[in-house]
$ cat my_file14.cif   # mmCIF, C-alpha atoms
data_structure
loop_
_atom_site.group_PDB
_atom_site.id
_atom_site.type_symbol
_atom_site.label_atom_id
_atom_site.label_comp_id
_atom_site.auth_asym_id
_atom_site.auth_seq_id
_atom_site.Cartn_x
_atom_site.Cartn_y
_atom_site.Cartn_z
ATOM 1 C CA MET A 1 -0.424 -8.301 -65.238
ATOM 2 C CA SER A 2 -1.986 -11.504 -63.936
ATOM 3 C CA LYS A 3 -2.581 -12.520 -60.349
ATOM 4 C CA LEU A 4 0.041 -14.895 -58.981
ATOM 5 C CA THR A 5 -0.953 -18.380 -57.886
ATOM 6 C CA THR A 6 -0.416 -19.472 -54.290
ATOM 7 C CA ARG A 7 2.579 -21.498 -55.436
ATOM 8 C CA GLN A 8 4.074 -18.494 -57.246
ATOM 9 C CA ILE A 9 3.533 -16.305 -54.167
ATOM 10 C CA ASP A 10 5.223 -18.887 -51.926
ATOM 11 C CA ALA A 11 8.206 -18.878 -54.293
ATOM 12 C CA ALA A 12 8.333 -15.057 -54.582
ATOM 13 C CA ILE A 13 8.168 -14.472 -50.826
ATOM 14 C CA LYS A 14 11.387 -16.458 -50.420
ATOM 15 C CA ASP A 15 13.167 -13.602 -52.207
ATOM 16 C CA ALA A 16 11.411 -11.062 -49.968
ATOM 17 C CA PRO A 17 11.723 -12.638 -46.519
ATOM 18 C CA GLU A 18 11.057 -9.387 -44.651
ATOM 19 C CA TRP A 19 7.545 -9.303 -46.104
ATOM 20 C CA THR A 20 4.436 -10.938 -44.690
ATOM 21 C CA ASN A 21 1.755 -12.347 -46.941
ATOM 22 C CA THR A 22 -1.571 -11.140 -45.554
ATOM 23 C CA GLY A 23 -3.643 -13.019 -48.130
ATOM 24 C CA GLU A 24 -4.289 -10.440 -50.834
ATOM 25 C CA ALA A 25 -1.281 -8.262 -50.070
ATOM 26 C CA ILE A 26 2.265 -8.298 -48.746
ATOM 27 C CA GLN A 27 3.284 -6.072 -45.876
ATOM 28 C CA ARG A 28 6.454 -4.862 -44.222
ATOM 29 C CA THR A 29 6.874 -2.557 -41.221
ATOM 30 C CA ILE A 30 10.145 -0.659 -40.916
ATOM 31 C CA GLN A 31 11.302 1.223 -37.829
ATOM 32 C CA PHE A 32 13.318 4.449 -38.142
ATOM 33 C CA PRO A 33 15.152 6.497 -35.517
ATOM 34 C CA ASP A 34 12.391 9.129 -35.461
ATOM 35 C CA PHE A 35 9.439 10.653 -37.342
ATOM 36 C CA ALA A 36 11.653 12.851 -39.542
ATOM 37 C CA ALA A 37 13.652 9.829 -40.726
ATOM 38 C CA ALA A 38 10.432 7.907 -41.357
ATOM 39 C CA MET A 39 9.019 10.776 -43.461
ATOM 40 C CA ALA A 40 12.267 11.113 -45.421
ATOM 41 C CA PHE A 41 12.089 7.443 -46.394
ATOM 42 C CA VAL A 42 8.370 7.708 -47.222
ATOM 43 C CA ASN A 43 9.162 10.548 -49.617
ATOM 44 C CA ARG A 44 11.816 8.484 -51.385
ATOM 45 C CA ILE A 45 9.327 5.626 -51.755
ATOM 46 C CA ALA A 46 6.633 8.056 -52.947
ATOM 47 C CA ALA A 47 8.930 9.224 -55.756
ATOM 48 C CA ALA A 48 9.696 5.619 -56.712
ATOM 49 C CA ALA A 49 5.974 4.811 -56.631
ATOM 50 C CA GLU A 50 5.186 7.641 -59.025
ATOM 51 C CA GLN A 51 7.978 6.508 -61.321
ATOM 52 C CA ALA A 52 6.762 2.888 -61.269
ATOM 53 C CA GLN A 53 3.096 3.938 -61.302
ATOM 54 C CA HIS A 54 2.588 1.410 -58.536
ATOM 55 C CA HIS A 55 1.591 2.864 -55.180
ATOM 56 C CA PRO A 56 1.816 0.975 -51.909
ATOM 57 C CA ASP A 57 -0.495 1.831 -49.056
ATOM 58 C CA ILE A 58 1.677 3.662 -46.541
ATOM 59 C CA LEU A 59 0.906 3.858 -42.824
ATOM 60 C CA ILE A 60 3.105 6.173 -40.772
ATOM 61 C CA ARG A 61 2.965 5.733 -37.010
ATOM 62 C CA TYR A 62 5.592 8.111 -35.640
ATOM 63 C CA ASN A 63 8.853 6.271 -36.411
ATOM 64 C CA LYS A 64 7.279 3.103 -37.843
ATOM 65 C CA VAL A 65 6.142 2.836 -41.448
ATOM 66 C CA THR A 66 4.065 -0.041 -42.819
ATOM 67 C CA PHE A 67 4.007 -0.594 -46.556
ATOM 68 C CA THR A 68 1.235 -2.749 -48.003
ATOM 69 C CA LEU A 69 1.458 -3.879 -51.604
ATOM 70 C CA SER A 70 -1.240 -5.391 -53.792
ATOM 71 C CA THR A 71 -2.426 -4.910 -57.358
ATOM 72 C CA HIS A 72 -5.976 -3.578 -57.302
ATOM 73 C CA ASP A 73 -6.531 -4.214 -61.027
ATOM 74 C CA ALA A 74 -5.725 -7.893 -60.516
ATOM 75 C CA ALA A 75 -7.505 -8.091 -57.124
ATOM 76 C CA GLY A 76 -4.464 -9.724 -55.606
ATOM 77 C CA LEU A 77 -0.703 -10.074 -55.772
ATOM 78 C CA THR A 78 1.252 -9.766 -59.006
ATOM 79 C CA LYS A 79 4.911 -9.668 -59.996
ATOM 80 C CA ARG A 80 4.729 -5.848 -59.753
ATOM 81 C CA ASP A 81 4.154 -6.092 -56.003
ATOM 82 C CA PHE A 82 7.205 -8.246 -55.432
ATOM 83 C CA ASP A 83 9.283 -6.049 -57.762
ATOM 84 C CA PHE A 84 8.303 -2.988 -55.736
ATOM 85 C CA ALA A 85 8.861 -4.809 -52.415
ATOM 86 C CA ARG A 86 12.432 -5.590 -53.457
ATOM 87 C CA ARG A 87 12.831 -1.971 -54.513
ATOM 88 C CA ILE A 88 11.808 -0.811 -51.020
ATOM 89 C CA ASP A 89 14.246 -3.326 -49.501
ATOM 90 C CA ALA A 90 17.043 -2.037 -51.758
ATOM 91 C CA MET A 91 16.291 1.614 -50.952
ATOM 92 C CA LEU A 92 16.608 0.865 -47.247
ATOM 93 C CA THR A 93 20.244 -0.048 -47.734
ATOM 94 C CA THR A 94 21.103 2.982 -49.906
ATOM 95 C CA LYS A 95 21.021 6.662 -49.052
ATOM 96 C CA MET B 1 -2.478 16.848 -20.538
ATOM 97 C CA SER B 2 -5.448 14.911 -19.168
ATOM 98 C CA LYS B 3 -7.793 12.608 -21.006
ATOM 99 C CA LEU B 4 -11.081 14.215 -21.969
ATOM 100 C CA THR B 5 -14.333 12.882 -20.561
ATOM 101 C CA THR B 6 -17.016 11.538 -22.888
ATOM 102 C CA ARG B 7 -18.965 14.741 -22.348
ATOM 103 C CA GLN B 8 -15.954 16.882 -23.224
ATOM 104 C CA ILE B 9 -15.328 14.789 -26.352
ATOM 105 C CA ASP B 10 -18.950 15.156 -27.463
ATOM 106 C CA ALA B 11 -18.616 18.926 -27.068
ATOM 107 C CA ALA B 12 -15.239 19.099 -28.857
ATOM 108 C CA ILE B 13 -16.372 17.022 -31.828
ATOM 109 C CA LYS B 14 -19.048 19.612 -32.549
ATOM 110 C CA ASP B 15 -16.241 21.985 -33.523
ATOM 111 C CA ALA B 16 -14.622 19.291 -35.671
ATOM 112 C CA PRO B 17 -17.608 17.829 -37.524
ATOM 113 C CA GLU B 18 -15.488 16.216 -40.249
ATOM 114 C CA TRP B 19 -13.894 13.948 -37.653
ATOM 115 C CA THR B 20 -15.181 10.590 -36.461
ATOM 116 C CA ASN B 21 -14.716 9.470 -32.880
ATOM 117 C CA THR B 22 -13.501 5.865 -33.025
ATOM 118 C CA GLY B 23 -13.448 5.438 -29.253
ATOM 119 C CA GLU B 24 -9.865 6.229 -28.274
ATOM 120 C CA ALA B 25 -9.077 8.371 -31.308
ATOM 121 C CA ILE B 26 -10.563 10.737 -33.851
ATOM 122 C CA GLN B 27 -10.176 10.101 -37.549
ATOM 123 C CA ARG B 28 -10.659 11.956 -40.804
ATOM 124 C CA THR B 29 -10.124 10.729 -44.383
ATOM 125 C CA ILE B 30 -9.443 13.348 -47.040
ATOM 126 C CA GLN B 31 -9.484 12.728 -50.779
ATOM 127 C CA PHE B 32 -7.067 14.545 -53.101
ATOM 128 C CA PRO B 33 -6.925 14.723 -56.907
ATOM 129 C CA ASP B 34 -4.027 12.274 -57.056
ATOM 130 C CA PHE B 35 -1.149 10.679 -55.122
ATOM 131 C CA ALA B 36 1.182 13.651 -55.630
ATOM 132 C CA ALA B 37 -1.373 16.039 -54.106
ATOM 133 C CA ALA B 38 -1.944 13.630 -51.220
ATOM 134 C CA MET B 39 1.794 13.429 -50.513
ATOM 135 C CA ALA B 40 2.173 17.215 -50.701
ATOM 136 C CA PHE B 41 -0.498 17.633 -48.027
ATOM 137 C CA VAL B 42 1.005 14.858 -45.889
ATOM 138 C CA ASN B 43 4.331 16.693 -45.935
ATOM 139 C CA ARG B 44 2.689 19.922 -44.777
ATOM 140 C CA ILE B 45 1.029 18.039 -41.927
ATOM 141 C CA ALA B 46 4.306 16.279 -41.089
ATOM 142 C CA ALA B 47 5.995 19.664 -40.658
ATOM 143 C CA ALA B 48 3.136 20.887 -38.456
ATOM 144 C CA ALA B 49 3.328 17.659 -36.428
ATOM 145 C CA GLU B 50 7.029 18.133 -35.776
ATOM 146 C CA GLN B 51 6.401 21.737 -34.770
ATOM 147 C CA ALA B 52 3.563 20.752 -32.405
ATOM 148 C CA GLN B 53 5.400 17.590 -31.275
ATOM 149 C CA HIS B 54 2.101 15.792 -31.781
ATOM 150 C CA HIS B 55 2.087 13.193 -34.537
ATOM 151 C CA PRO B 56 -1.063 11.761 -36.066
ATOM 152 C CA ASP B 57 -1.020 8.289 -37.561
ATOM 153 C CA ILE B 58 -1.122 8.857 -41.320
ATOM 154 C CA LEU B 59 -2.434 6.281 -43.790
ATOM 155 C CA ILE B 60 -1.908 7.075 -47.477
ATOM 156 C CA ARG B 61 -3.926 5.035 -49.958
ATOM 157 C CA TYR B 62 -3.126 6.533 -53.353
ATOM 158 C CA ASN B 63 -5.177 9.781 -53.301
ATOM 159 C CA LYS B 64 -6.864 9.229 -49.917
ATOM 160 C CA VAL B 65 -5.217 10.107 -46.626
ATOM 161 C CA THR B 66 -6.561 9.072 -43.230
ATOM 162 C CA PHE B 67 -5.336 10.959 -40.166
ATOM 163 C CA THR B 68 -5.868 9.351 -36.765
ATOM 164 C CA LEU B 69 -5.285 11.406 -33.645
ATOM 165 C CA SER B 70 -4.946 10.239 -30.066
ATOM 166 C CA THR B 71 -2.653 11.006 -27.169
ATOM 167 C CA HIS B 72 -0.665 7.904 -26.285
ATOM 168 C CA ASP B 73 0.598 9.345 -22.992
ATOM 169 C CA ALA B 74 -2.986 9.869 -21.855
ATOM 170 C CA ALA B 75 -4.251 6.611 -23.446
ATOM 171 C CA GLY B 76 -7.084 8.485 -25.088
ATOM 172 C CA LEU B 77 -8.220 11.822 -26.454
ATOM 173 C CA THR B 78 -6.981 15.139 -25.116
ATOM 174 C CA LYS B 79 -7.338 18.783 -26.109
ATOM 175 C CA ARG B 80 -4.127 18.417 -28.140
ATOM 176 C CA ASP B 81 -5.874 16.009 -30.503
ATOM 177 C CA PHE B 82 -8.722 18.391 -31.185
ATOM 178 C CA ASP B 83 -6.301 21.320 -31.548
ATOM 179 C CA PHE B 84 -4.352 19.372 -34.158
ATOM 180 C CA ALA B 85 -7.539 18.201 -35.917
ATOM 181 C CA ARG B 86 -8.607 21.812 -36.348
ATOM 182 C CA ARG B 87 -5.127 22.627 -37.606
ATOM 183 C CA ILE B 88 -5.436 19.941 -40.296
ATOM 184 C CA ASP B 89 -8.879 21.316 -41.219
ATOM 185 C CA ALA B 90 -7.449 24.843 -41.487
ATOM 186 C CA MET B 91 -4.480 23.701 -43.597
ATOM 187 C CA LEU B 92 -6.861 22.095 -46.088
ATOM 188 C CA THR B 93 -8.310 25.493 -46.890
ATOM 189 C CA THR B 94 -4.943 27.261 -47.226
ATOM 190 C CA LYS B 95 -2.106 26.686 -49.680
#
$ encode --input "my_file14.cif" --output "structure tokens"
Amino acid sequence: MSKLTTRQIDAAIKDAPEWTNTGEAIQRTIQFPDFAAAMAFVNRIAAAAEQAQHHPDILIRYNKVTFTLSTHDAAGLTKRDFDFARRIDAMLTTK
Amino acid sequence: MSKLTTRQIDAAIKDAPEWTNTGEAIQRTIQFPDFAAAMAFVNRIAAAAEQAQHHPDILIRYNKVTFTLSTHDAAGLTKRDFDFARRIDAMLTTK
């Protein structure tokens, strides 16, 4: 899995407009009604991460969860990060 | 719940030596065998946090979990933070 070029990242982020490019990662913060709802979503993402063998950094601050995606092996962003970002987006809209 | 003084914090941290005082919070990073073990522990702490109605910030980076405790209402550290820190410590040694 090779690191995306700046041009490829600019193109990929257009399909993931909720995500912010922080340089070597993409990040999205999602707000839930409360801590229990935040944890429930984190657990769904954790299961998906195990399945994909691609694990975002997850920061839980009460009802706000920040996911940070990057590919450590490539020392930057790869297609896997954008694939998983879109998976998180999709899981937000499904129960 | 009132904010602890610097002297009180210095005394309290002696009973929680695994924790680092970052100024307005205390922090501990714990390493687990893998992501699944990290998530299992996070879920135990999440249940304890709901019970105590005191929620640490939780950062999960694959098999490493960082807990950050502070009391937002007091804009600093209170006894509740140290009580919960010791609870996390105790839960590490029990199944």
$ resolve_selection --input "my_file14.cif" --expression "the PyMOL selection byres ((chain A) within 7 of (chain B))" --output "mmCIF file with C-alpha atoms, in the coordinates of the input"
data_model
loop_
_atom_site.group_PDB
_atom_site.id
_atom_site.type_symbol
_atom_site.label_atom_id
_atom_site.label_comp_id
_atom_site.auth_asym_id
_atom_site.auth_seq_id
_atom_site.Cartn_x
_atom_site.Cartn_y
_atom_site.Cartn_z
ATOM 1 C CA HIS A 55 1.591 2.864 -55.180
ATOM 2 C CA ASP A 57 -0.495 1.831 -49.056
ATOM 3 C CA ILE A 58 1.677 3.662 -46.541
ATOM 4 C CA LEU A 59 0.906 3.858 -42.824
ATOM 5 C CA ILE A 60 3.105 6.173 -40.772
ATOM 6 C CA ARG A 61 2.965 5.733 -37.010
ATOM 7 C CA TYR A 62 5.592 8.111 -35.640
#
$ residues_near_point --input "my_file14.cif" --point "(-6.4, 3.2, -28.9)" --cutoff "12 Å" --atoms "all atoms listed in the file" --output "JSON, numbers by chain"
{"B": [21, 22, 23, 24, 25, 26, 27, 57, 68, 69, 70, 71, 72, 73, 74, 75, 76, 77]}
$ atom_distance --input "my_file14.cif" --atom1 "CA of Ala52 in chain A" --atom2 "CA of Arg7 in chain A"
25.4 Å
$ resolve_selection --input "my_file14.cif" --expression "the PyMOL selection byres ((chain B and resi 13) around 12)" --output "list in words"
Leu4, Thr6, Arg7, Gln8, Ile9, Asp10, Ala11, Ala12, Lys14, Asp15, Ala16, Pro17, Glu18, Trp19, Thr20, Asn21, Thr22, Ala25, Ile26, Gln27, Arg28, Leu77, Thr78, Lys79, Asp81, Phe82, Asp83, Ala85 and Arg86 of chain B
$ atom_distance --input "my_file14.cif" --atom1 "CA of Ala90 in chain A" --atom2 "CA of Ala37 in chain A"
16.6 Å
$ atom_distance --input "my_file14.cif" --atom1 "CA of Ala48 in chain A" --atom2 "CA of Asp34 in chain B"
15.3 Å
$ axis_aligned_box --input "my_file14.cif" --around "range 28-37 of chain A" --padding-each-side "3 Å" --output "JSON"
{"center_x": 10.8, "center_y": 4.0, "center_z": -39.8, "size_x": 14.7, "size_y": 23.7, "size_z": 14.8}
